[in-house]
Structure formats: C-alpha cells, structure tokens
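Visitor: Handing you this structure, nothing more for now.
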Amino acid sequence: MVSLCRMSGDDMNPAAVAQPVEDVHGDGRWMSQHTRFVQECKDAEPDVLFVGDSMVQLMQQYEIWREMFSPLHALNFGIGGDTTSNVLWRLQNGELENIRPKVVVLWVGTNNHQHTAEQVAGGVLAIAQLLTSSLPKAKIVVLGLLPRGERPNPLREKNAAVNGFLRSWLPRLGQVQFLDVGGKFVHSDGTISPQDMFDFLHLTSAGYRAMAKPLSDLLLQILEETPERRASLV
C-alpha cells in the first residue's frame with residue numbers, strides 16, 4: 001500500500017500534505033467557507049457527505065441536487081479550486097467533527113496542477129485513508145476525475161492516469177469504492193461538447209444529470225444496506 005505522504009523511496013508526496021489555501025486576494029473567502037462547513041457539522045445530521053472541489057460545489061446549484069441528493073440528507077462541502085492538500089486540511093480541522101455520515105463522496109484532484117498523476121492519486125488516497133480512520137463505519141465513494149478540454153490534451157491523459165492508480169489502490173482499503181462517471185463525455189471523435197461541459201471542465205445541468213444517475217444508484221444501494229435507513233427509502 002502506498003503510504004499517506006510518501007511515494008517511491010523517501011520522497012515526500014506534496015499532494016498528501018495538508019495545507020490551507022493562501023488568502024492571496026485578502027477577502028478570507030476560503031476560510032469563511034470552511035468555518036461555515038464546521039458550523040454545519042454542529043447543526044446537521046447528514047447520511048451522505050460530499051466533499052471536494054468545484055465539481056462538488058457546483059452540483060448543488062442544479063436541480064439534480066434537489067431531486068437526487070437532498071432527499072438522502074446530504075451535505076455539500078465543496079470549494080472551488082481546492083486541491084487534495086486543501087481538502088485534507090479541511091477534514092483534519094473540523095469538517096468531520098460531530099457528524100457520522102453513512103457515505104462520503106469524495107471528488108477532488110483535477111486542480112492539482114503542480115503534481116504528477118501518481119502524486120495526485122496518492123493525495124486522494126491519503127484523504128480516503130483519513131476518512132476510513134475517522135469514520136470506520138462509513139462507506140467511501142471516490143469519483144474518478146473527468147476528462148477535460150474540448151480536444152485530447154495532456155491534462156486529459158493525466159486525469160486518466162490518476163484514475164488508473166485509484167482503481168488499483170483504493171480496493172485495498174476495504175470500505176472504499178471507486179466510481180468512474182466520465183465515460184459518456186468524450187465523443188467518438190475525441191471531443192467534449194459544451195452541452196455537457198460549458199467551459200470544457202465544469203459540468204452543465206445535462207452533464208450533472210448524466211453523472212448523477214450511476215452515483216445516485218450506488219448511494220441508494222449503500223443506504224439500503226443500512227438497516228435504520230431501509231424503511232425510509234422504501
């Protein structure tokens with residue numbers, strides 16, 4: 001098993017080192033969002049916790065969130081621009097306190113521009129390991145990174161490589177499942193449609209609807225295996 005912070009040899013993996021976002025703009029927005037999430041942990045009793053970057057954050061702006069995920073008693077702890085290091089820091093600093101979700105959905109890694117594919121996957125693994133140790137009864141669903149860019153490009157290849165590492169590593173954690181929701185977005189000619197990703201990175205309403213169905217099905221399956229939830233989902 002790859003360790004939390006080390007990859008090959010004695011090299012430290014920077015993508016697996018917890019780090020807050022530097023407040024370069026001076027408005028404190030990132031920390032304000034984190035503080036709000038910590039407060040939500042004191043007030044809510046979620047069955048499903050979503051955590052990650054803008055891919056998670058923007059999901060709740062669309063009807064699909066209210067249709068499929070809000071009824072599952074879900075919290076959304078997504079912050080645009082976050083890397084694996086930022087999510088790791090947030091979870092280590094209060095965003096898991098006082099809550100016992102039955103499922104955590106993790107979606108992060110596409111913003112780790114300074115890191116190799118192996119390092120990014122190691123960062124995701126570090127978060128998954130933190131989640132399994134902090135929430136030993138919860139199931140963890142790690143979503144694969146989506147393809148990006150209108151046409152084939154190195155970042156697409158990198159994200160695909162990250163997914164390859166995650167497919168290999170995550171099953172060893174036992175309570176963690178990998179779910180690839182990006183298979184439908186690349187057309188036969190290698191292009192991505194703006195109808196699915198308006199800026200060839202972030203999903204449109206139609207794009208979220210395409211990825212939400214397999215995720216929703218998996219979440220319902222997991223929750224139905226939880227005795228106290230079974231009656232309310234029938």
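Ordered as shown in the structure tokens, chains take letters A, B, and onward, while each chain numbers its residues from 1 and ligands are numbered from 1 in the order shown.
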If we count only C-alpha atoms and set the cut-off at 6 Å, which residues sit around range 83-86 of chain A, ignoring sequence neighbours fewer than 2 positions away in its own chain? Please answer as a PyMOL selection string.
Guide: chain A and resi 15-20+88-89+109+111-112+123
Visitor: Could those residues be written to a file, using all heavy atoms, as a short mmCIF file (atom, residue, chain, number, x, y, z; two decimals), in the first residue's frame?
Guide:
data_model
loop_
_atom_site.label_atom_id
_atom_site.label_comp_id
_atom_site.auth_asym_id
_atom_site.auth_seq_id
_atom_site.Cartn_x
_atom_site.Cartn_y
_atom_site.Cartn_z
N ALA A 15 1.23 16.28 -2.59
CA ALA A 15 -0.23 16.25 -2.76
C ALA A 15 -0.93 15.61 -1.58
O ALA A 15 -2.15 15.65 -1.48
CB ALA A 15 -0.59 15.52 -4.05
N ALA A 16 -0.15 14.99 -0.67
CA ALA A 16 -0.72 14.33 0.51
C ALA A 16 -0.35 15.05 1.79
O ALA A 16 -0.47 14.49 2.88
CB ALA A 16 -0.27 12.88 0.56
N VAL A 17 0.07 16.29 1.67
CA VAL A 17 0.40 17.11 2.84
C VAL A 17 -0.71 18.15 3.02
O VAL A 17 -0.98 18.94 2.11
CB VAL A 17 1.76 17.82 2.66
CG1 VAL A 17 2.04 18.74 3.85
CG2 VAL A 17 2.88 16.80 2.49
N ALA A 18 -1.36 18.13 4.18
CA ALA A 18 -2.48 19.03 4.44
C ALA A 18 -2.03 20.49 4.41
O ALA A 18 -1.01 20.84 5.00
CB ALA A 18 -3.10 18.71 5.80
N GLN A 19 -2.81 21.32 3.72
CA GLN A 19 -2.42 22.72 3.56
C GLN A 19 -3.66 23.57 3.27
O GLN A 19 -4.44 23.26 2.37
CB GLN A 19 -1.43 22.85 2.40
CG GLN A 19 -0.81 24.21 2.25
CD GLN A 19 0.27 24.21 1.17
OE1 GLN A 19 0.58 23.17 0.59
NE2 GLN A 19 0.83 25.36 0.90
N PRO A 20 -3.86 24.66 4.04
CA PRO A 20 -4.97 25.57 3.73
C PRO A 20 -4.64 26.41 2.51
O PRO A 20 -3.47 26.51 2.10
CB PRO A 20 -5.09 26.43 4.99
CG PRO A 20 -3.69 26.46 5.54
CD PRO A 20 -3.09 25.12 5.21
N LEU A 88 -7.69 17.78 2.44
CA LEU A 88 -7.10 17.07 3.58
C LEU A 88 -7.05 17.98 4.80
O LEU A 88 -7.42 17.58 5.92
CB LEU A 88 -5.71 16.58 3.19
CG LEU A 88 -5.05 15.50 4.06
CD1 LEU A 88 -5.90 14.25 4.12
CD2 LEU A 88 -3.66 15.19 3.51
N TRP A 89 -6.63 19.23 4.61
CA TRP A 89 -6.55 20.18 5.72
C TRP A 89 -7.93 20.44 6.31
O TRP A 89 -8.11 20.45 7.53
CB TRP A 89 -5.91 21.50 5.25
CG TRP A 89 -5.63 22.44 6.38
CD1 TRP A 89 -4.47 22.56 7.09
CD2 TRP A 89 -6.54 23.40 6.96
NE1 TRP A 89 -4.60 23.52 8.07
CE2 TRP A 89 -5.86 24.05 8.02
CE3 TRP A 89 -7.86 23.76 6.69
CZ2 TRP A 89 -6.45 25.04 8.79
CZ3 TRP A 89 -8.46 24.75 7.48
CH2 TRP A 89 -7.76 25.39 8.50
N GLY A 109 -8.98 16.51 -7.23
CA GLY A 109 -7.73 16.13 -7.87
C GLY A 109 -7.43 16.85 -9.17
O GLY A 109 -6.27 16.97 -9.56
N ASN A 111 -7.50 19.90 -9.84
CA ASN A 111 -6.80 21.19 -9.66
C ASN A 111 -5.36 21.03 -9.20
O ASN A 111 -4.67 22.03 -8.99
CB ASN A 111 -7.55 22.05 -8.62
CG ASN A 111 -8.93 22.46 -9.10
OD1 ASN A 111 -9.11 22.85 -10.25
ND2 ASN A 111 -9.91 22.36 -8.22
N ASN A 112 -4.88 19.80 -9.04
CA ASN A 112 -3.50 19.56 -8.59
C ASN A 112 -2.52 19.71 -9.75
O ASN A 112 -1.86 18.75 -10.17
CB ASN A 112 -3.38 18.16 -7.98
CG ASN A 112 -3.97 18.06 -6.60
OD1 ASN A 112 -5.17 18.24 -6.40
ND2 ASN A 112 -3.13 17.77 -5.62
N GLY A 123 -2.53 11.67 -3.10
CA GLY A 123 -3.27 12.64 -2.29
C GLY A 123 -4.70 12.22 -2.06
O GLY A 123 -5.23 12.34 -0.94
#
Visitor: If you count only C-alpha atoms, which residues fall within 10 Å of Asn98 in chain A, apart from same-chain ones fewer than 6 positions away, as a ChimeraX atom specification?
Guide: /A:38-45
Visitor: Could you pull the residues within 12 Å of Leu96 in chain A, counting only C-alpha atoms, minus those fewer than 4 positions along the same chain, as number ranges by chain?
Guide: A: 34, 37-42, 44-46, 49-51, 75, 77, 87-92, 100-101, 104, 127, 130-135, 138
Visitor: Just checking: using only C-alpha atoms, which residue out of A:Met55, A:Val103, A:Ala126, A:Ala117 ends up closest to Leu173 in chain A?
Guide: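 Under the stated criterion, the closest residue is A:Ala126.
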Visitor: Based on the backbone DSSP call, show me all residues of range 19-224 of chain A assigned strand (DSSP E or B), as a PyMOL selection string.
Guide: chain A and resi 48-52+74-78+103-107+139-143+176-179+186+192+197+203
Visitor: Nearest residue to Gly144 in chain A out of A:Phe178, A:Trp169, A:Gln129, A:Thr116, using only C-alpha atoms?
Guide: A:Phe178
Visitor: Calculate how many Å separate CA of His73 in chain A from CA of Leu219 in chain A, rounding to one decimal.
Guide: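 Computing it gives 11.5 Å between the two atoms.
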Visitor: Using only C-alpha atoms, find the one residue out of A:Gly164, A:Asp23, A:Arg151, A:His202 that sits nearest to Asp189 in chain A.
Guide: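 The answer is A:Arg151, which sits nearest to Asp189 in chain A.
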Visitor: Please, which residues of range 15-188 of chain A, numbered as in this document, come out helix (DSSP H, G or I) from DSSP, as a PyMOL selection string?
Guide: chain A and resi 15-16+29-43+54-61+63-72+84-92+117-134+154-173
Visitor: Just to be explicit: take each residue in the selection above, keep C-alpha atoms, and write the result as a CSV table (one decimal), in the first residue's frame.
Guide:
chain,number,residue,atom,x,y,z
A,15,ALA,CA,-0.2,16.3,-2.8
A,16,ALA,CA,-0.7,14.3,0.5
A,29,ARG,CA,-13.5,33.6,1.5
A,30,TRP,CA,-11.9,30.2,1.6
A,31,MET,CA,-11.6,30.2,5.4
A,32,SER,CA,-15.1,31.6,5.7
A,33,GLN,CA,-16.5,28.7,3.7
A,34,HIS,CA,-14.5,26.2,5.8
A,35,THR,CA,-15.8,27.8,9.0
A,36,ARG,CA,-19.4,27.6,7.7
A,37,PHE,CA,-18.9,23.9,7.0
A,38,VAL,CA,-17.6,23.3,10.5
A,39,GLN,CA,-20.7,25.0,11.9
A,40,GLU,CA,-22.9,22.9,9.7
A,41,CYS,CA,-21.3,19.8,11.3
A,42,LYS,CA,-22.7,21.0,14.6
A,43,ASP,CA,-26.2,21.6,13.3
A,54,SER,CA,-15.9,23.0,-7.6
A,55,MET,CA,-17.2,19.8,-9.2
A,56,VAL,CA,-18.9,19.1,-5.9
A,57,GLN,CA,-19.6,22.7,-5.0
A,58,LEU,CA,-21.5,23.5,-8.3
A,59,MET,CA,-23.6,20.3,-8.1
A,60,GLN,CA,-25.9,21.9,-5.5
A,61,GLN,CA,-26.7,24.8,-7.9
A,63,GLU,CA,-32.0,20.8,-9.9
A,64,ILE,CA,-30.3,17.4,-9.8
A,65,TRP,CA,-29.1,18.1,-6.3
A,66,ARG,CA,-32.6,18.8,-5.0
A,67,GLU,CA,-34.0,15.8,-6.9
A,68,MET,CA,-31.5,13.1,-6.2
A,69,PHE,CA,-29.2,14.1,-3.3
A,70,SER,CA,-31.0,16.4,-0.9
A,71,PRO,CA,-33.6,13.7,-0.1
A,72,LEU,CA,-30.7,11.5,1.1
A,84,THR,CA,-6.1,17.3,-2.4
A,85,SER,CA,-4.0,19.1,0.1
A,86,ASN,CA,-6.7,21.7,0.8
A,87,VAL,CA,-9.4,19.0,1.3
A,88,LEU,CA,-7.1,17.1,3.6
A,89,TRP,CA,-6.5,20.2,5.7
A,90,ARG,CA,-10.3,20.9,5.9
A,91,LEU,CA,-11.1,17.4,7.0
A,92,GLN,CA,-8.3,17.5,9.6
A,117,ALA,CA,-0.6,11.7,-11.7
A,118,GLU,CA,0.9,9.3,-9.1
A,119,GLN,CA,1.2,12.2,-6.6
A,120,VAL,CA,-2.4,13.2,-7.2
A,121,ALA,CA,-3.7,9.7,-6.7
A,122,GLY,CA,-1.6,9.5,-3.6
A,123,GLY,CA,-3.3,12.6,-2.3
A,124,VAL,CA,-6.7,11.2,-2.9
A,125,LEU,CA,-5.6,8.0,-1.2
A,126,ALA,CA,-4.5,10.0,1.8
A,127,ILE,CA,-7.9,11.6,2.1
A,128,ALA,CA,-9.6,8.2,1.7
A,129,GLN,CA,-7.4,6.8,4.5
A,130,LEU,CA,-8.2,9.7,6.7
A,131,LEU,CA,-11.9,9.2,6.1
A,132,THR,CA,-11.8,5.4,6.8
A,133,SER,CA,-9.9,6.0,10.1
A,134,SER,CA,-12.2,8.9,11.2
A,154,PRO,CA,-2.1,16.2,-21.7
A,155,LEU,CA,-4.4,17.1,-18.8
A,156,ARG,CA,-6.9,14.5,-20.0
A,157,GLU,CA,-4.2,11.9,-20.1
A,158,LYS,CA,-3.0,12.9,-16.6
A,159,ASN,CA,-6.5,12.6,-15.2
A,160,ALA,CA,-7.0,9.2,-16.9
A,161,ALA,CA,-3.7,8.1,-15.3
A,162,VAL,CA,-4.8,9.3,-11.9
A,163,ASN,CA,-7.9,7.2,-12.3
A,164,GLY,CA,-5.8,4.2,-13.2
A,165,PHE,CA,-3.8,4.5,-10.0
A,166,LEU,CA,-7.0,4.9,-7.9
A,167,ARG,CA,-8.6,1.8,-9.5
A,168,SER,CA,-5.5,-0.2,-8.4
A,169,TRP,CA,-5.0,1.3,-4.9
A,170,LEU,CA,-8.5,2.0,-3.5
A,171,PRO,CA,-9.9,-1.5,-3.3
A,172,ARG,CA,-7.2,-2.4,-0.7
A,173,LEU,CA,-8.9,0.0,1.7
Visitor: With distances taken over only C-alpha atoms, which of A:Val24, A:Val48, A:Val181, A:Met197 is nearest to Ala210 in chain A?
Guide: A:Val181
Visitor: Under the rule that only C-alpha atoms are counted, which of A:Val105, A:Leu146, A:Val21, A:Met12 is the nearest residue to Asn76 in chain A?
Guide: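 Looking at the shortest contact to Asn76 in chain A, the residue is A:Val105.
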Visitor: Residues at most 9 Å from Tyr208 in chain A, counting only C-alpha atoms, excluding those fewer than 4 positions away in the same chain, as a PyMOL selection string?
Guide: chain A and resi 59+62+64+196+203-204+212-213
Visitor: Just the selected residues (N, CA, C and O atoms), exported as a PDB file, in the first residue's frame, please.
Guide:
ATOM      1  N   MET A  59     -22.521  21.307  -7.949  1.00  0.00           N
ATOM      2  CA  MET A  59     -23.601  20.331  -8.078  1.00  0.00           C
ATOM      3  C   MET A  59     -24.881  20.815  -7.403  1.00  0.00           C
ATOM      4  O   MET A  59     -25.988  20.596  -7.901  1.00  0.00           O
ATOM      5  N   TYR A  62     -27.731  23.023  -9.144  1.00  0.00           N
ATOM      6  CA  TYR A  62     -28.608  22.479 -10.178  1.00  0.00           C
ATOM      7  C   TYR A  62     -29.738  21.668  -9.563  1.00  0.00           C
ATOM      8  O   TYR A  62     -29.636  21.171  -8.433  1.00  0.00           O
ATOM      9  N   ILE A  64     -30.669  18.810 -10.117  1.00  0.00           N
ATOM     10  CA  ILE A  64     -30.316  17.422  -9.846  1.00  0.00           C
ATOM     11  C   ILE A  64     -29.987  17.196  -8.376  1.00  0.00           C
ATOM     12  O   ILE A  64     -30.265  16.141  -7.803  1.00  0.00           O
ATOM     13  N   ASP A 196     -22.320  19.471 -22.427  1.00  0.00           N
ATOM     14  CA  ASP A 196     -22.010  18.686 -21.228  1.00  0.00           C
ATOM     15  C   ASP A 196     -21.103  19.445 -20.264  1.00  0.00           C
ATOM     16  O   ASP A 196     -21.276  19.352 -19.045  1.00  0.00           O
ATOM     17  N   LEU A 203     -19.304  20.977 -15.348  1.00  0.00           N
ATOM     18  CA  LEU A 203     -20.479  20.354 -15.946  1.00  0.00           C
ATOM     19  C   LEU A 203     -21.672  21.310 -16.042  1.00  0.00           C
ATOM     20  O   LEU A 203     -21.880  22.153 -15.170  1.00  0.00           O
ATOM     21  N   THR A 204     -22.440  21.144 -17.098  1.00  0.00           N
ATOM     22  CA  THR A 204     -23.730  21.809 -17.244  1.00  0.00           C
ATOM     23  C   THR A 204     -24.784  21.001 -16.481  1.00  0.00           C
ATOM     24  O   THR A 204     -24.497  19.938 -15.922  1.00  0.00           O
ATOM     25  N   ALA A 212     -24.980  11.840 -12.475  1.00  0.00           N
ATOM     26  CA  ALA A 212     -25.675  11.679 -11.205  1.00  0.00           C
ATOM     27  C   ALA A 212     -26.391  10.340 -11.093  1.00  0.00           C
ATOM     28  O   ALA A 212     -26.512   9.790  -9.997  1.00  0.00           O
ATOM     29  N   LYS A 213     -26.877   9.816 -12.208  1.00  0.00           N
ATOM     30  CA  LYS A 213     -27.670   8.580 -12.152  1.00  0.00           C
ATOM     31  C   LYS A 213     -26.861   7.400 -11.597  1.00  0.00           C
ATOM     32  O   LYS A 213     -27.321   6.734 -10.646  1.00  0.00           O
TER      33      LYS A 213
END
Visitor: In terms of the shortest atom-to-atom distance over only C-alpha atoms, which of A:Glu22, A:Asp180, A:Glu225, A:Glu95 is closest to Asp82 in chain A?
Guide: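 The answer is A:Glu22, which sits nearest to Asp82 in chain A.
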Visitor: To one decimal place, how far is CA of Leu179 in chain A from CA of Val142 in chain A in Å?
Guide: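 Between CA of Leu179 in chain A and CA of Val142 in chain A the gap is 6.1 Å.
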Visitor: Between CA of Gly207 in chain A and CA of Thr191 in chain A, what is the spacing in Å?
Guide: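 Calculated distance between CA of Thr191 in chain A and CA of Gly207 in chain A is 14.4 Å.
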